[in-house]
Amino acid sequence: MPSASLGDGTGLSEPVHGSAPDIAGQDLANPAAAILSAAMLLRHSLGRLAEAERVEAAVAATLPRARTADLGGRVGTQAFAAQVLSAL
């Protein structure tokens, strides 16, 4: 899940689960929450609604066809991110 801690003028956007250091560098992490946290930053901190919606739509379009191991698939972190980028 993506998350954002918002304050007066500044905020922090990050995945709820953190950085998953136990699987760092193994191409196993699901980057969807990190990518969607960036969409929250675009929307809530930068006021870039159209860009946030594009990022969210790209993740939504990618999830049905590219699943990481935590979702029962075989796609790695880098391949998932590449598919999100191509959907943008």
# chains A, B, ... in the order shown; residues from 1 in each chain; ligands from 1
>>> residues_around(residues="Gln78 in chain A", least_positions_apart="4", cutoff="9 Å", atoms="only C-alpha atoms", output="count of residues only")
5
>>> closest_atom_pairs(of="range 25-66 of chain A", to="range 5-16 of chain A", cutoff="12 Å", atoms="only C-alpha atoms", output="Markdown table")
| residue | atom | partner | partner_atom | distance |
| --- | --- | --- | --- | --- |
| A:Ala29 | CA | A:Pro15 | CA | 11.7 |
| A:Asn30 | CA | A:Pro15 | CA | 10.5 |
| A:Pro31 | CA | A:Pro15 | CA | 8.9 |
| A:Ala32 | CA | A:Pro15 | CA | 8.7 |
| A:Ala33 | CA | A:Pro15 | CA | 5.1 |
| A:Ala34 | CA | A:Pro15 | CA | 5.2 |
| A:Ile35 | CA | A:Pro15 | CA | 8.5 |
| A:Leu36 | CA | A:Pro15 | CA | 8.1 |
| A:Ser37 | CA | A:Glu14 | CA | 5.3 |
| A:Ala38 | CA | A:Ser13 | CA | 6.7 |
| A:Ala39 | CA | A:Ser13 | CA | 8.9 |
| A:Met40 | CA | A:Ser13 | CA | 6.8 |
| A:Leu41 | CA | A:Ser13 | CA | 5.9 |
| A:Leu42 | CA | A:Ser13 | CA | 9.6 |
| A:Arg43 | CA | A:Ser13 | CA | 10.7 |
| A:His44 | CA | A:Leu6 | CA | 8.0 |
| A:Ser45 | CA | A:Gly11 | CA | 6.6 |
| A:Leu46 | CA | A:Thr10 | CA | 9.7 |
| A:Gly47 | CA | A:Gly9 | CA | 11.5 |
>>> write_last_selection(atoms="N, CA and C atoms", output="PDB file, in the first residue's frame")
ATOM      1  N   ALA A  29      11.151  -7.619  -4.917  1.00  0.00           N
ATOM      2  CA  ALA A  29      10.175  -6.712  -4.313  1.00  0.00           C
ATOM      3  C   ALA A  29       9.126  -6.269  -5.328  1.00  0.00           C
ATOM      4  N   ASN A  30       7.908  -6.101  -4.847  1.00  0.00           N
ATOM      5  CA  ASN A  30       6.836  -5.549  -5.665  1.00  0.00           C
ATOM      6  C   ASN A  30       6.931  -4.029  -5.548  1.00  0.00           C
ATOM      7  N   PRO A  31       7.243  -3.311  -6.633  1.00  0.00           N
ATOM      8  CA  PRO A  31       7.426  -1.870  -6.555  1.00  0.00           C
ATOM      9  C   PRO A  31       6.137  -1.050  -6.659  1.00  0.00           C
ATOM     10  N   ALA A  32       4.984  -1.718  -6.732  1.00  0.00           N
ATOM     11  CA  ALA A  32       3.726  -0.989  -6.948  1.00  0.00           C
ATOM     12  C   ALA A  32       3.478   0.067  -5.874  1.00  0.00           C
ATOM     13  N   ALA A  33       3.705  -0.258  -4.608  1.00  0.00           N
ATOM     14  CA  ALA A  33       3.442   0.708  -3.534  1.00  0.00           C
ATOM     15  C   ALA A  33       4.378   1.903  -3.626  1.00  0.00           C
ATOM     16  N   ALA A  34       5.630   1.669  -3.980  1.00  0.00           N
ATOM     17  CA  ALA A  34       6.569   2.785  -4.129  1.00  0.00           C
ATOM     18  C   ALA A  34       6.149   3.684  -5.285  1.00  0.00           C
ATOM     19  N   ILE A  35       5.734   3.070  -6.389  1.00  0.00           N
ATOM     20  CA  ILE A  35       5.299   3.842  -7.553  1.00  0.00           C
ATOM     21  C   ILE A  35       4.024   4.619  -7.225  1.00  0.00           C
ATOM     22  N   LEU A  36       3.088   3.967  -6.537  1.00  0.00           N
ATOM     23  CA  LEU A  36       1.842   4.651  -6.177  1.00  0.00           C
ATOM     24  C   LEU A  36       2.068   5.720  -5.107  1.00  0.00           C
ATOM     25  N   SER A  37       3.102   5.567  -4.289  1.00  0.00           N
ATOM     26  CA  SER A  37       3.459   6.627  -3.338  1.00  0.00           C
ATOM     27  C   SER A  37       3.936   7.868  -4.094  1.00  0.00           C
ATOM     28  N   ALA A  38       4.639   7.640  -5.191  1.00  0.00           N
ATOM     29  CA  ALA A  38       5.047   8.769  -6.031  1.00  0.00           C
ATOM     30  C   ALA A  38       3.825   9.465  -6.625  1.00  0.00           C
ATOM     31  N   ALA A  39       2.800   8.688  -6.966  1.00  0.00           N
ATOM     32  CA  ALA A  39       1.557   9.299  -7.463  1.00  0.00           C
ATOM     33  C   ALA A  39       0.913  10.145  -6.369  1.00  0.00           C
ATOM     34  N   MET A  40       0.971   9.669  -5.124  1.00  0.00           N
ATOM     35  CA  MET A  40       0.428  10.462  -4.012  1.00  0.00           C
ATOM     36  C   MET A  40       1.213  11.751  -3.842  1.00  0.00           C
ATOM     37  N   LEU A  41       2.528  11.689  -4.005  1.00  0.00           N
ATOM     38  CA  LEU A  41       3.352  12.891  -3.931  1.00  0.00           C
ATOM     39  C   LEU A  41       2.941  13.876  -5.026  1.00  0.00           C
ATOM     40  N   LEU A  42       2.768  13.348  -6.238  1.00  0.00           N
ATOM     41  CA  LEU A  42       2.334  14.214  -7.337  1.00  0.00           C
ATOM     42  C   LEU A  42       1.004  14.885  -7.022  1.00  0.00           C
ATOM     43  N   ARG A  43       0.055  14.125  -6.508  1.00  0.00           N
ATOM     44  CA  ARG A  43      -1.284  14.647  -6.248  1.00  0.00           C
ATOM     45  C   ARG A  43      -1.310  15.604  -5.055  1.00  0.00           C
ATOM     46  N   HIS A  44      -0.822  15.150  -3.920  1.00  0.00           N
ATOM     47  CA  HIS A  44      -1.033  15.885  -2.669  1.00  0.00           C
ATOM     48  C   HIS A  44       0.036  16.921  -2.357  1.00  0.00           C
ATOM     49  N   SER A  45       1.271  16.689  -2.768  1.00  0.00           N
ATOM     50  CA  SER A  45       2.333  17.636  -2.449  1.00  0.00           C
ATOM     51  C   SER A  45       2.643  18.590  -3.591  1.00  0.00           C
ATOM     52  N   LEU A  46       2.463  18.134  -4.817  1.00  0.00           N
ATOM     53  CA  LEU A  46       2.829  18.953  -5.975  1.00  0.00           C
ATOM     54  C   LEU A  46       1.639  19.462  -6.766  1.00  0.00           C
ATOM     55  N   GLY A  47       0.443  18.984  -6.441  1.00  0.00           N
ATOM     56  CA  GLY A  47      -0.751  19.442  -7.148  1.00  0.00           C
ATOM     57  C   GLY A  47      -0.797  19.031  -8.608  1.00  0.00           C
TER      58      GLY A  47
END
>>> select_by_dssp(residues="chain A", states="alpha helix (DSSP H)", output="count of residues only")
34
>>> residues_around(residues="Ala58 in chain A", least_positions_apart="2", cutoff="8 Å", atoms="only C-alpha atoms", output="tab-separated table (two decimals) with C-alpha atoms, in the first residue's frame")
chain	number	residue	atom	x	y	z
A	54	ARG	CA	-1.43	8.66	-15.35
A	55	VAL	CA	0.86	6.87	-12.89
A	56	GLU	CA	-2.09	5.21	-11.15
A	60	ALA	CA	-3.58	-0.55	-12.77
A	61	ALA	CA	-2.93	-1.57	-16.38
A	62	THR	CA	0.22	-3.48	-15.42
A	84	VAL	CA	4.63	0.42	-15.72
A	85	LEU	CA	6.93	2.81	-17.58
A	87	ALA	CA	2.17	1.89	-19.86
A	88	LEU	CA	2.81	5.57	-19.17
>>> residues_around(residues="Gly25 in chain A", least_positions_apart="5", cutoff="12 Å", atoms="only C-alpha atoms", output="PyMOL selection string")
chain A and resi 19-20+76-78
>>> atom_distance(atom1="CA of Gly73 in chain A", atom2="CA of Val59 in chain A")
15.5 Å
>>> atom_distance(atom1="CA of Ala66 in chain A", atom2="CA of Ala79 in chain A")
8.3 Å
